[in-house]
file model18.cif (mmCIF, C-alpha atoms)
data_entry
#
loop_
_atom_site.label_atom_id
_atom_site.label_comp_id
_atom_site.auth_asym_id
_atom_site.auth_seq_id
_atom_site.Cartn_x
_atom_site.Cartn_y
_atom_site.Cartn_z
CA MET A 297 0.00 0.00 0.00
CA ALA A 298 2.64 2.51 -1.09
CA SER A 299 1.76 6.16 -1.38
CA GLN A 300 1.32 7.61 -4.88
CA THR A 301 2.37 11.09 -3.72
CA PRO A 302 5.78 12.42 -2.76
CA PRO A 303 6.51 12.22 0.97
CA LEU A 304 4.66 14.91 2.89
CA ARG A 305 5.05 16.39 6.36
CA ILE A 306 1.78 15.64 8.14
CA MET A 307 0.46 16.59 11.57
CA VAL A 308 -2.35 14.45 12.98
CA VAL A 309 -4.13 16.37 15.74
CA ASP A 310 -6.57 14.53 18.01
CA ASP A 311 -7.11 14.57 21.77
CA ASN A 312 -7.71 10.81 21.50
CA ARG A 313 -4.09 9.66 21.65
CA ASP A 314 -4.80 6.25 20.15
CA ALA A 315 -6.57 7.80 17.16
CA ALA A 316 -3.75 10.27 16.52
CA ASP A 317 -1.08 7.58 16.93
CA ILE A 318 -2.78 5.09 14.59
CA VAL A 319 -3.32 7.57 11.76
CA ALA A 320 0.21 9.00 12.11
CA GLU A 321 1.74 5.52 12.12
CA PHE A 322 -0.24 4.53 9.04
CA LEU A 323 1.00 7.65 7.25
CA VAL A 324 4.61 6.89 8.21
CA ILE A 325 4.23 3.32 6.89
CA SER A 326 2.87 4.89 3.69
CA GLY A 327 6.09 6.87 3.24
CA HIS A 328 5.24 10.22 4.82
CA GLU A 329 6.75 12.06 7.76
CA ALA A 330 3.89 12.24 10.24
CA ILE A 331 3.64 13.20 13.87
CA PRO A 332 0.75 12.77 16.29
CA VAL A 333 -0.25 15.83 18.29
CA TYR A 334 -2.65 15.48 21.20
CA GLY A 335 -4.48 18.79 21.35
CA GLY A 336 -5.15 22.09 19.67
CA ALA A 337 -2.85 24.20 21.84
CA GLU A 338 0.00 21.76 21.23
CA ALA A 339 -0.73 21.85 17.48
CA LEU A 340 -0.41 25.63 17.42
CA ARG A 341 2.90 25.42 19.29
CA MET A 342 4.32 22.70 17.03
CA ALA A 343 3.08 23.90 13.63
CA ASP A 344 5.66 26.61 13.12
CA ALA A 345 8.65 24.35 13.77
CA PHE A 346 7.25 21.26 12.02
CA ALA A 347 5.91 23.20 8.99
CA PRO A 348 3.33 20.60 7.91
CA ASP A 349 2.17 20.22 4.33
CA VAL A 350 -1.05 18.63 5.64
CA VAL A 351 -2.90 18.83 8.96
CA PHE A 352 -5.58 16.31 9.96
CA LEU A 353 -7.67 17.95 12.69
CA ASP A 354 -10.20 16.53 15.08
CA LEU A 355 -12.82 19.24 15.64
CA GLY A 356 -14.12 18.59 19.16
CA MET A 357 -11.04 19.00 21.30
CA PRO A 358 -11.04 20.65 24.73
CA GLU A 359 -9.39 24.04 25.25
CA VAL A 360 -8.55 24.75 21.57
CA SER A 361 -10.86 23.17 18.99
CA GLY A 362 -9.92 22.07 15.50
CA PHE A 363 -11.91 25.02 14.16
CA GLN A 364 -9.74 27.39 16.21
CA VAL A 365 -6.52 25.68 15.09
CA ALA A 366 -7.48 25.92 11.41
CA SER A 367 -8.49 29.56 11.79
CA ARG A 368 -5.26 30.54 13.55
CA LEU A 369 -3.06 28.68 11.08
CA ARG A 370 -4.88 30.16 8.09
CA GLN A 371 -4.16 33.67 9.44
CA ALA A 372 -0.42 33.06 9.00
CA SER A 373 0.91 33.39 5.46
CA LYS A 374 3.20 30.41 6.09
CA PHE A 375 0.17 28.09 6.24
CA GLN A 376 -1.86 29.43 3.31
CA GLY A 377 -0.84 26.42 1.19
CA THR A 378 -1.19 23.87 3.97
CA LYS A 379 -3.95 21.34 3.33
CA MET A 380 -6.35 21.26 6.30
CA ILE A 381 -8.51 18.17 6.67
CA ALA A 382 -11.17 17.75 9.34
CA LEU A 383 -11.07 14.19 10.70
CA THR A 384 -14.05 14.04 13.02
CA ALA A 385 -17.01 12.01 14.20
CA TRP A 386 -19.26 14.99 13.43
CA SER A 387 -21.01 14.42 10.11
CA ASP A 388 -24.03 16.72 10.26
CA GLU A 389 -24.55 19.32 7.54
CA LEU A 390 -24.03 22.28 9.90
CA THR A 391 -20.57 21.01 10.87
CA ARG A 392 -19.72 20.31 7.23
CA ALA A 393 -20.72 23.89 6.36
CA ARG A 394 -18.55 25.21 9.21
CA THR A 395 -15.52 23.27 7.94
CA ARG A 396 -16.14 24.43 4.33
CA ASN A 397 -16.30 28.04 5.51
CA GLY A 398 -13.66 27.74 8.22
CA GLY A 399 -10.47 27.15 6.29
CA PHE A 400 -10.68 23.39 5.81
CA ASP A 401 -10.02 21.79 2.44
CA HIS A 402 -11.80 18.50 3.22
CA HIS A 403 -14.05 16.86 5.80
CA LEU A 404 -13.58 13.16 6.66
CA VAL A 405 -15.84 11.34 9.07
CA LYS A 406 -14.38 8.87 11.57
CA PRO A 407 -13.73 6.11 11.16
CA ALA A 408 -12.26 7.11 7.80
CA SER A 409 -10.85 4.42 5.59
CA LEU A 410 -7.12 4.39 5.02
CA ASP A 411 -7.77 4.73 1.28
CA ASP A 412 -9.84 7.87 1.92
CA ILE A 413 -7.05 9.34 4.06
CA LEU A 414 -4.39 8.65 1.45
CA GLY A 415 -6.69 9.79 -1.34
CA LEU A 416 -6.77 13.31 0.03
CA LEU A 417 -3.00 13.71 0.02
CA GLY A 418 -2.56 14.10 -3.73
CA PRO A 419 -2.11 17.54 -5.32
CA ALA A 420 -5.42 17.44 -7.21
CA THR A 421 -7.58 16.95 -4.13
#
call {"tool": "encode", "arguments": {"input": "model18.cif", "output": "structure tokens"}}
result
Amino acid sequence: MASQTPPLRIMVVDDNRDAADIVAEFLVISGHEAIPVYGGAEALRMADAFAPDVVFLDLGMPEVSGFQVASRLRQASKFQGTKMIALTAWSDELTRARTRNGGFDHHLVKPASLDDILGLLGPAT
């Protein structure tokens, strides 16, 4: 199951440590450089140094939500080209509208298939 895209730097942000670890490990096995991050505040601290090409964000995190992380990152010119992907259990139309209008490029519902995750990493998505 090799990746069809060049290796990317990917941050997987989820307050559920197991979820973040599993997705990040899968991405590493697929040839990417991926790190798990366990909360929104930590994501904001790590983003500048890690400089991710892609960020998978859980939305419903305590303290700093995925919506807040995406908004803050999008305000910085450094992250204008960063692909932001919501990876959340929330699938209702209101949440999907919020992600569309809130700086996200895609919205995946948990549990997302590994093919769906990899499919969003290509340049045309």
call {"tool": "resolve_selection", "arguments": {"input": "model18.cif", "expression": "the PyMOL selection byres ((chain A and resi 381) around 7)", "output": "list in words"}}
result
Val351, Phe352, Leu353, Lys379, Met380, Ala382, Leu383, Phe400, Asp401, His402 and His403 of chain A
call {"tool": "resolve_selection", "arguments": {"input": "model18.cif", "expression": "the PyMOL selection byres ((chain A and resi 364) around 12)", "output": "MDAnalysis selection string"}}
result
chainID A and resid 335:337 339:340 353:363 365:371 382 394:395 398:400
call {"tool": "resolve_selection", "arguments": {"input": "model18.cif", "expression": "the PyMOL selection byres ((chain A and resi 316) around 10)", "output": "NGL selection string"}}
result
:A and (307-315 or 317-321 or 331-335 or 352-354)
call {"tool": "residues_around", "arguments": {"input": "model18.cif", "residues": "A:Leu410", "least_positions_apart": "5", "cutoff": "10 Å", "atoms": "all atoms listed in the file", "output": "PDB file with C-alpha atoms, in the coordinates of the input"}}
result
ATOM      1  CA  MET A 297       0.000   0.000   0.000  1.00  0.00           C
ATOM      2  CA  VAL A 319      -3.320   7.570  11.760  1.00  0.00           C
ATOM      3  CA  PHE A 322      -0.240   4.530   9.040  1.00  0.00           C
ATOM      4  CA  LEU A 323       1.000   7.650   7.250  1.00  0.00           C
ATOM      5  CA  GLY A 415      -6.690   9.790  -1.340  1.00  0.00           C
TER       6      GLY A 415
END
call {"tool": "closest_residue", "arguments": {"input": "model18.cif", "among": "A:Ala385, A:Ala343, A:Pro302, A:Asp349", "to": "A:Gly327", "atoms": "only C-alpha atoms"}}
result
A:Pro302
call {"tool": "residues_near_point", "arguments": {"input": "model18.cif", "point": "(1.7, 15.7, 7.3)", "cutoff": "7 Å", "atoms": "only C-alpha atoms", "output": "number ranges by chain"}}
result
A: 304-307, 328-330, 348-351
call {"tool": "atom_distance", "arguments": {"input": "model18.cif", "atom1": "atom CA of A:Phe375", "atom2": "atom CA of A:Arg341"}}
result
13.6 Å
call {"tool": "closest_residue", "arguments": {"input": "model18.cif", "among": "A:Thr384, A:Val405, A:Ala347, A:Thr378", "to": "A:Leu417", "atoms": "only C-alpha atoms"}}
result
A:Thr378
call {"tool": "closest_residue", "arguments": {"input": "model18.cif", "among": "A:Gln376, A:Ala393, A:Ser387, A:Ser326", "to": "A:Lys406", "atoms": "only C-alpha atoms"}}
result
A:Ser387
call {"tool": "closest_residue", "arguments": {"input": "model18.cif", "among": "A:Ala345, A:Leu390, A:Leu416, A:Ile325", "to": "A:Leu404", "atoms": "all atoms listed in the file"}}
result
A:Leu416
call {"tool": "atom_distance", "arguments": {"input": "model18.cif", "atom1": "atom CA of A:Arg396", "atom2": "atom CA of A:Met342"}}
result
24.1 Å
call {"tool": "atom_distance", "arguments": {"input": "model18.cif", "atom1": "atom CA of A:Ile413", "atom2": "atom CA of A:Gly377"}}
result
18.4 Å
call {"tool": "build_atoms", "arguments": {"input": "model18.cif", "residues": "stretch 357-371 of chain A", "atoms": "N, CA, C and O atoms", "output": "compact mmCIF listing (two decimals), in the frame of the given file"}}
result
# COMPACT_ATOMS: atom_id res chain seq x y z
N MET A 357 -12.07 19.16 20.28
CA MET A 357 -11.04 19.00 21.30
C MET A 357 -11.24 20.04 22.39
O MET A 357 -11.69 21.15 22.12
N PRO A 358 -10.91 19.68 23.64
CA PRO A 358 -11.04 20.65 24.73
C PRO A 358 -10.01 21.77 24.58
O PRO A 358 -9.01 21.62 23.89
N GLU A 359 -10.26 22.87 25.21
CA GLU A 359 -9.39 24.04 25.25
C GLU A 359 -9.31 24.76 23.90
O GLU A 359 -9.78 25.86 23.76
N VAL A 360 -8.68 24.14 22.90
CA VAL A 360 -8.55 24.75 21.57
C VAL A 360 -9.09 23.74 20.56
O VAL A 360 -8.51 22.68 20.36
N SER A 361 -10.20 24.10 19.93
CA SER A 361 -10.86 23.17 18.99
C SER A 361 -10.12 23.13 17.65
O SER A 361 -9.30 24.00 17.33
N GLY A 362 -10.46 22.15 16.85
CA GLY A 362 -9.92 22.07 15.50
C GLY A 362 -10.30 23.27 14.66
O GLY A 362 -9.51 23.73 13.83
N PHE A 363 -11.50 23.81 14.87
CA PHE A 363 -11.91 25.02 14.16
C PHE A 363 -10.97 26.18 14.49
O PHE A 363 -10.56 26.94 13.61
N GLN A 364 -10.63 26.31 15.78
CA GLN A 364 -9.74 27.39 16.21
C GLN A 364 -8.33 27.20 15.66
O GLN A 364 -7.69 28.16 15.25
N VAL A 365 -7.85 25.96 15.64
CA VAL A 365 -6.52 25.68 15.09
C VAL A 365 -6.48 26.07 13.62
O VAL A 365 -5.57 26.78 13.17
N ALA A 366 -7.45 25.61 12.84
CA ALA A 366 -7.48 25.92 11.41
C ALA A 366 -7.53 27.43 11.18
O ALA A 366 -6.79 27.96 10.35
N SER A 367 -8.36 28.12 11.94
CA SER A 367 -8.49 29.56 11.79
C SER A 367 -7.17 30.28 12.08
O SER A 367 -6.73 31.15 11.32
N ARG A 368 -6.54 29.90 13.17
CA ARG A 368 -5.26 30.54 13.55
C ARG A 368 -4.17 30.25 12.53
O ARG A 368 -3.40 31.14 12.16
N LEU A 369 -4.08 29.01 12.07
CA LEU A 369 -3.06 28.68 11.08
C LEU A 369 -3.31 29.41 9.78
O LEU A 369 -2.37 29.92 9.15
N ARG A 370 -4.55 29.50 9.35
CA ARG A 370 -4.88 30.16 8.09
C ARG A 370 -4.57 31.66 8.13
O ARG A 370 -4.36 32.28 7.09
N GLN A 371 -4.50 32.25 9.32
CA GLN A 371 -4.16 33.67 9.44
C GLN A 371 -2.69 33.94 9.15
O GLN A 371 -2.32 35.07 8.84
